[in-house]
Protein chains: 2
Amino acid sequence: MSDYNAPLKDMQFVLTELAGLAQVSALPGYAEATPDVIEAILEESGKFTRDVLAPLNFSGDQEGAQWADKVVTMPQGFKEAYAQFVGNGWNALSGNPEFGGQGLPKVVSAVVQEMWQSANMSFSLCPMLTMGGIEALELYGSEEQKATYLHHMVSGRWTGTMNLTESQAGSDLAAVRTRAVPQGDGTYKLFGQKIFITYGDHDMAENTIHLVLARTPDAPAGVKGISLFVVPKFLVNADGTPGARNDVYAVSIEHKLGIHASPTCVMAYGDNGGAVGTLVGKENDGLKYMFVMMNAARYAVGLEGLALGERAYQQALGFARERVQSRAIEGSVSSVPIIRHPDIRRMLLLMRSQNEAMRAVAYVVAAALDSAMRHPDADERIRQQAFVDLMIPVVKAWLTETGNEVTSLGVQIHGGMGFIEETGAAQHFRDARITTIYEGTTGIQALDLIGRKVARDGGAALNALLGQMKETQASVAKQSGASFKALAAALHDGIEAVTTAGDYIVTNYAKDVRAVAVGAVPFLRLLGIVSGGWMMARAALAAQAKIVSGDTDSFYPAKINTAHFYADHVMVATIGLAKEVVQGGASALALDDAHF
Amino acid sequence: MSDYNAPLKDMQFVLTELAGLAQVSALPGYAEATPDVIEAILEESGKFTRDVLAPLNFSGDQEGAQWADKVVTMPQGFKEAYAQFVGNGWNALSGNPEFGGQGLPKVVSAVVQEMWQSANMSFSLCPMLTMGGIEALELYGSEEQKATYLHHMVSGRWTGTMNLTESQAGSDLAAVRTRAVPQGDGTYKLFGQKIFITYGDHDMAENTIHLVLARTPDAPAGVKGISLFVVPKFLVNADGTPGARNDVYAVSIEHKLGIHASPTCVMAYGDNGGAVGTLVGKENDGLKYMFVMMNAARYAVGLEGLALGERAYQQALGFARERVQSRAIEGSVSSVPIIRHPDIRRMLLLMRSQNEAMRAVAYVVAAALDSAMRHPDADERIRQQAFVDLMIPVVKAWLTETGNEVTSLGVQIHGGMGFIEETGAAQHFRDARITTIYEGTTGIQALDLIGRKVARDGGAALNALLGQMKETQASVAKQSGASFKALAAALHDGIEAVTTAGDYIVTNYAKDVRAVAVGAVPFLRLLGIVSGGWMMARAALAAQAKIVSGDTDSFYPAKINTAHFYADHVMVATIGLAKEVVQGGASALALDDAHF
């Protein structure tokens, strides 16, 4: 039960100073995204998330989504909030103007999405899944499918879902069994059961459009035989309106550790004759389509780590200012607000500095996504895409792992009150716990990182990134003062650690992939911490430039201080992590299965 | 919904090889605690916890303790299990024979307590609190109080509670306001409200004996005016049986993140004329009594971190063996059990190696407690007590912080199923979250460590510990093989890190206590990790001796391997932590409160 106020100042700072908003606005098609327009949008979004979404976060958790007779009912207030969300055009923000969207850059929609997630993570999952569906149909759908679905999905009047997982197949899509039987009229009938389907059913929209992985009768085994289908909850009439109920139902919802207001459904396809769907793209190409969509989904989940960290920080900070307990350790006449206690400050700054580092990494990657899609220079597009591909697993896994740590610190700062659900700090901690799991666990992200992103190109993309980091390090080393000295040293060590660990991975991946894979998660964590440090160093340099130019806003010295803290308290882990990557393979693999 | 099987083999190994059970048995008064007797007790305890307590863990969490009309009702099965617990004599295990206890060494009761906590943490809190009450009365109670309460509390027919916290006073006992008014007949009437009272009311016992901190009318302000009272739920008749209901009631219970089956009560004293109590010891000496009892309580809570880690490991290991998903990264014909995947092994070994390190540290400290109380040589008692005092905050805070990490890994290994409450992995994670908070947060333990335990004696106790660690390191360095090489190097670095950080604390504590306090928690974590590494090194040496002597049990090479893993994956953090302690003060304190 806490308020949420979007951290507009830091958001704007990162957009302008680190993510290069001006350059993004200059990309073809983004001409209308001027800094003024964007500032106005972010301010409005801040109000909407503060006044409409955030107040439903705690009540939504307590009440939870309810299921009865194959129908999901959302907690009180969600339906009305969603109507307002759609009515105000928030769902259409990043959508293609061709289908009624506002076509704003990815980097802007990322900021707004962070606000939705901070304000109400359970709510935010509905538009997130819809975006996945939009992307699938826009990229691979037929003209008829686009005409049928996209306008309504971009507006948000219809929502989307992604149906991948089956009980025997968690992240292993080769094991998908759902069947799709062609009917000879261009449609298919689907039969099977999907689990963990977010917003598989709910009462906020007129229709729900399911994207479903299934196998056609003659499909080859394994991942090469998976096709993608679109299956609406209500079949669409010739006039475009929702018509007959399709044979797809939520047959239960899960009782989960967190995100209680987000219905996680078991979906039954075809229990009453077959769920009617149409093929997206070509048969047996489903996995390819999923992979293309994966970047966006993984990015969005990564952002949740930051968003929950920010919400937890705001709540913990409020508590630390108000809660008066114990005298100061150096002596004080009476008890002091706990923000005065050094360990509370340490925890607050661990939360804050990591949030700021996460935000900077996330927005810079979003801006690179914009450039990768729209930059006029083809080589630059390739460079930017390589950076994005390298960083997506880092955004997904490092931000969410850190979000878990930050929300846990939020509980800790509350002391005993943190363990009481009424306080609301525990909710952020519970909600965060899914983020390192869904959309590919941290382990899966880390394997993607070391295999497809580092070893496959012989470390080229990683070295390009290290080159940029070294440039920043050199600039930092030229500055004076204790903060820049600490940052320069920490960044130096961090770059060296990533270099050592990266070289080990590139050299040994083919030779001894199991030993290298033991270090996958430590390497991802290492790269995340150092990327965050690189961003904090860039932020400190930008802040210093403002100070030198005569700007007296206290935001800038605070930013330098926070970067200094990050160097002292977060980046100290880098050398140890590199050791873990390089040395840790053998001892993790020596034990016989039977001796565990 | 998982089974629990006490890890008897590791427990026995640690007892025998590391905690010196033979020497403990040789202490005055422990003659009956022969290795054979203890082995039999542990086996019986293993069966009882497996068959009676563990099956109620999940159902107790789901149902939760219920409150209505000032009465708490426990979840189904708890009352019967408690009756069996008392009937079998488990509650009396460590009790003084004078009051019907079995007088077993602390190190043995610690092992049994770990089992209770692993099997059913919520249940285990009831006897834990009773033990606190027993200790208070045995040490400071009058003969009459002892005669009235102790037999029944030692048997467990009556349970105990500790009433410290009030809503305006979390860990700050100076702020206690509950009043105790002398009635002229040797009794007092108590008036006030206490919060967070574990098992403040329940239906498992005939009577509940509350130990309560309160102020007499003329008491000085602050901690110097706190007295300790004993207040029974039912006043005790002259014949020793429970009589009239006393004026103390549970007026509500909390809705918590975890330990749902453990009722956390708000207790109202004196709403109907005054709760009758008697003074324990002397007026205004209450804080002194609390401090003496604190070691035992903090030790017991520390053990919870290990216990939940063990339970989580057993469940995750079972899942990792059974769950078949995805092919092996080096290639395999079909999907494999996930225990084959390197990152799953890494997580399992992070759980296992840290559990083993925690267990060794915990039991060794318990054995030192026994020696500190009973060793015939006074100097040895002082030495052992100094070690215990130094290590208690480490046991409390490092074990519980690590328990949080280990239970979180347990969730992660389960993937999506880990987030579903039905799986049961999330319960351990939720239950663990209180352990770093109650009985003094991690921050409070760390301040105790750097102030009273390290700075106050100029680092003497710490240096004595480091001396022991160096001896072990020298022995390890003499062994051959990759595992011992890794252990020797890691222990060398760890000892150096503790030395550097400890010197910094001793040198700067008086000069700049706020900066030193910033490093308190990192220092505690550092000392915990290195103490664990020291123990794993000792364990590896003991295992090697067994192997050399011809013992072919696979337990011993596995132990060496696990120690090696701990060196590679846990101890790598030590150098960074020392840096954080030494360098991190300024950047955590520079920011103005207003600029957070």
# chains A, B, ... in the order shown; residues from 1 in each chain; ligands from 1
>>> interface_residues(of="chain B", to="chain A", cutoff="6 Å", atoms="only C-alpha atoms", output="number ranges by chain")
B: 172, 255-257, 326, 342-343, 346, 415, 419-421, 437, 517-518, 565, 568-569, 572-573, 576, 580, 584, 587-588
>>> residues_around(residues="region 120-137 of chain B", least_positions_apart="6", cutoff="9 Å", atoms="only C-alpha atoms", output="ChimeraX atom specification")
/B:49,53-58,60-61,78,82,91,94-95,113,145-146,149-150,153-154,156,158-162,198-199,208-211,230,258-263,280-281,289-290,292-294,296-297,300-301,304,307-308,428,431
>>> residues_around(residues="region 244-247 of chain A", least_positions_apart="2", cutoff="7 Å", atoms="only C-alpha atoms", output="VMD selection string")
chain A and resid 232 to 235 249 269 to 272 274 to 276
>>> select_by_dssp(residues="region 223-312 of chain A", states="helix (DSSP H, G or I)", output="MDAnalysis selection string")
chainID A and resid 223:225 286:312
>>> write_last_selection(atoms="N, CA and C atoms", output="PDB file, in the first residue's frame")
ATOM      1  N   VAL A 223      11.672 -29.390 -32.832  1.00  0.00           N
ATOM      2  CA  VAL A 223      11.362 -27.976 -33.052  1.00  0.00           C
ATOM      3  C   VAL A 223      11.110 -27.658 -34.519  1.00  0.00           C
ATOM      4  N   LYS A 224      11.516 -28.555 -35.393  1.00  0.00           N
ATOM      5  CA  LYS A 224      11.318 -28.274 -36.813  1.00  0.00           C
ATOM      6  C   LYS A 224       9.883 -28.511 -37.255  1.00  0.00           C
ATOM      7  N   GLY A 225       9.063 -29.019 -36.367  1.00  0.00           N
ATOM      8  CA  GLY A 225       7.682 -29.319 -36.755  1.00  0.00           C
ATOM      9  C   GLY A 225       6.661 -28.460 -36.044  1.00  0.00           C
ATOM     10  N   GLY A 286       7.202 -22.098 -37.049  1.00  0.00           N
ATOM     11  CA  GLY A 286       6.767 -21.446 -35.809  1.00  0.00           C
ATOM     12  C   GLY A 286       7.921 -21.022 -34.912  1.00  0.00           C
ATOM     13  N   LEU A 287       8.931 -21.870 -34.828  1.00  0.00           N
ATOM     14  CA  LEU A 287      10.032 -21.562 -33.916  1.00  0.00           C
ATOM     15  C   LEU A 287      10.772 -20.309 -34.366  1.00  0.00           C
ATOM     16  N   LYS A 288      10.947 -20.194 -35.675  1.00  0.00           N
ATOM     17  CA  LYS A 288      11.628 -19.023 -36.222  1.00  0.00           C
ATOM     18  C   LYS A 288      10.874 -17.753 -35.810  1.00  0.00           C
ATOM     19  N   TYR A 289       9.550 -17.806 -35.919  1.00  0.00           N
ATOM     20  CA  TYR A 289       8.759 -16.625 -35.561  1.00  0.00           C
ATOM     21  C   TYR A 289       8.890 -16.309 -34.067  1.00  0.00           C
ATOM     22  N   MET A 290       8.892 -17.381 -33.277  1.00  0.00           N
ATOM     23  CA  MET A 290       9.010 -17.178 -31.832  1.00  0.00           C
ATOM     24  C   MET A 290      10.336 -16.506 -31.482  1.00  0.00           C
ATOM     25  N   PHE A 291      11.385 -16.932 -32.153  1.00  0.00           N
ATOM     26  CA  PHE A 291      12.698 -16.370 -31.850  1.00  0.00           C
ATOM     27  C   PHE A 291      12.742 -14.871 -32.147  1.00  0.00           C
ATOM     28  N   VAL A 292      12.140 -14.484 -33.258  1.00  0.00           N
ATOM     29  CA  VAL A 292      12.149 -13.063 -33.602  1.00  0.00           C
ATOM     30  C   VAL A 292      11.377 -12.249 -32.564  1.00  0.00           C
ATOM     31  N   MET A 293      10.277 -12.800 -32.112  1.00  0.00           N
ATOM     32  CA  MET A 293       9.489 -12.072 -31.110  1.00  0.00           C
ATOM     33  C   MET A 293      10.143 -12.070 -29.740  1.00  0.00           C
ATOM     34  N   MET A 294      11.044 -13.021 -29.531  1.00  0.00           N
ATOM     35  CA  MET A 294      11.607 -13.241 -28.209  1.00  0.00           C
ATOM     36  C   MET A 294      12.361 -12.020 -27.666  1.00  0.00           C
ATOM     37  N   ASN A 295      13.102 -11.343 -28.547  1.00  0.00           N
ATOM     38  CA  ASN A 295      13.855 -10.179 -28.086  1.00  0.00           C
ATOM     39  C   ASN A 295      12.958  -9.182 -27.362  1.00  0.00           C
ATOM     40  N   ALA A 296      11.818  -8.871 -27.981  1.00  0.00           N
ATOM     41  CA  ALA A 296      10.921  -7.878 -27.375  1.00  0.00           C
ATOM     42  C   ALA A 296      10.373  -8.378 -26.046  1.00  0.00           C
ATOM     43  N   ALA A 297       9.974  -9.643 -26.014  1.00  0.00           N
ATOM     44  CA  ALA A 297       9.385 -10.186 -24.791  1.00  0.00           C
ATOM     45  C   ALA A 297      10.432 -10.239 -23.675  1.00  0.00           C
ATOM     46  N   ARG A 298      11.627 -10.662 -24.028  1.00  0.00           N
ATOM     47  CA  ARG A 298      12.678 -10.752 -23.018  1.00  0.00           C
ATOM     48  C   ARG A 298      13.068  -9.364 -22.515  1.00  0.00           C
ATOM     49  N   TYR A 299      13.110  -8.454 -23.447  1.00  0.00           N
ATOM     50  CA  TYR A 299      13.390  -7.073 -23.037  1.00  0.00           C
ATOM     51  C   TYR A 299      12.337  -6.592 -22.037  1.00  0.00           C
ATOM     52  N   ALA A 300      11.090  -6.826 -22.353  1.00  0.00           N
ATOM     53  CA  ALA A 300       9.998  -6.330 -21.499  1.00  0.00           C
ATOM     54  C   ALA A 300      10.043  -6.959 -20.111  1.00  0.00           C
ATOM     55  N   VAL A 301      10.366  -8.241 -20.059  1.00  0.00           N
ATOM     56  CA  VAL A 301      10.453  -8.894 -18.745  1.00  0.00           C
ATOM     57  C   VAL A 301      11.652  -8.349 -17.968  1.00  0.00           C
ATOM     58  N   GLY A 302      12.749  -8.121 -18.660  1.00  0.00           N
ATOM     59  CA  GLY A 302      13.904  -7.521 -17.984  1.00  0.00           C
ATOM     60  C   GLY A 302      13.527  -6.213 -17.317  1.00  0.00           C
ATOM     61  N   LEU A 303      12.781  -5.422 -18.058  1.00  0.00           N
ATOM     62  CA  LEU A 303      12.338  -4.128 -17.538  1.00  0.00           C
ATOM     63  C   LEU A 303      11.548  -4.276 -16.224  1.00  0.00           C
ATOM     64  N   GLU A 304      10.856  -5.394 -16.068  1.00  0.00           N
ATOM     65  CA  GLU A 304      10.109  -5.625 -14.827  1.00  0.00           C
ATOM     66  C   GLU A 304      11.025  -5.633 -13.603  1.00  0.00           C
ATOM     67  N   GLY A 305      12.241  -6.158 -13.801  1.00  0.00           N
ATOM     68  CA  GLY A 305      13.187  -6.180 -12.679  1.00  0.00           C
ATOM     69  C   GLY A 305      13.481  -4.775 -12.190  1.00  0.00           C
ATOM     70  N   LEU A 306      13.743  -3.892 -13.147  1.00  0.00           N
ATOM     71  CA  LEU A 306      13.961  -2.484 -12.819  1.00  0.00           C
ATOM     72  C   LEU A 306      12.704  -1.863 -12.209  1.00  0.00           C
ATOM     73  N   ALA A 307      11.568  -2.133 -12.838  1.00  0.00           N
ATOM     74  CA  ALA A 307      10.321  -1.475 -12.426  1.00  0.00           C
ATOM     75  C   ALA A 307       9.963  -1.829 -10.978  1.00  0.00           C
ATOM     76  N   LEU A 308      10.099  -3.108 -10.636  1.00  0.00           N
ATOM     77  CA  LEU A 308       9.787  -3.514  -9.265  1.00  0.00           C
ATOM     78  C   LEU A 308      10.836  -2.981  -8.300  1.00  0.00           C
ATOM     79  N   GLY A 309      12.079  -2.926  -8.749  1.00  0.00           N
ATOM     80  CA  GLY A 309      13.128  -2.341  -7.919  1.00  0.00           C
ATOM     81  C   GLY A 309      12.829  -0.876  -7.604  1.00  0.00           C
ATOM     82  N   GLU A 310      12.370  -0.155  -8.603  1.00  0.00           N
ATOM     83  CA  GLU A 310      12.038   1.261  -8.401  1.00  0.00           C
ATOM     84  C   GLU A 310      10.874   1.418  -7.418  1.00  0.00           C
ATOM     85  N   ARG A 311       9.849   0.611  -7.610  1.00  0.00           N
ATOM     86  CA  ARG A 311       8.690   0.697  -6.709  1.00  0.00           C
ATOM     87  C   ARG A 311       9.107   0.365  -5.271  1.00  0.00           C
ATOM     88  N   ALA A 312       9.920  -0.677  -5.135  1.00  0.00           N
ATOM     89  CA  ALA A 312      10.379  -1.088  -3.803  1.00  0.00           C
ATOM     90  C   ALA A 312      11.241   0.007  -3.173  1.00  0.00           C
TER      91      ALA A 312
END
>>> residues_around(residues="region 529-546 of chain A", least_positions_apart="2", cutoff="6 Å", atoms="only C-alpha atoms", output="ChimeraX atom specification")
/A:357,494,526-527,548-549,551,556,560,563
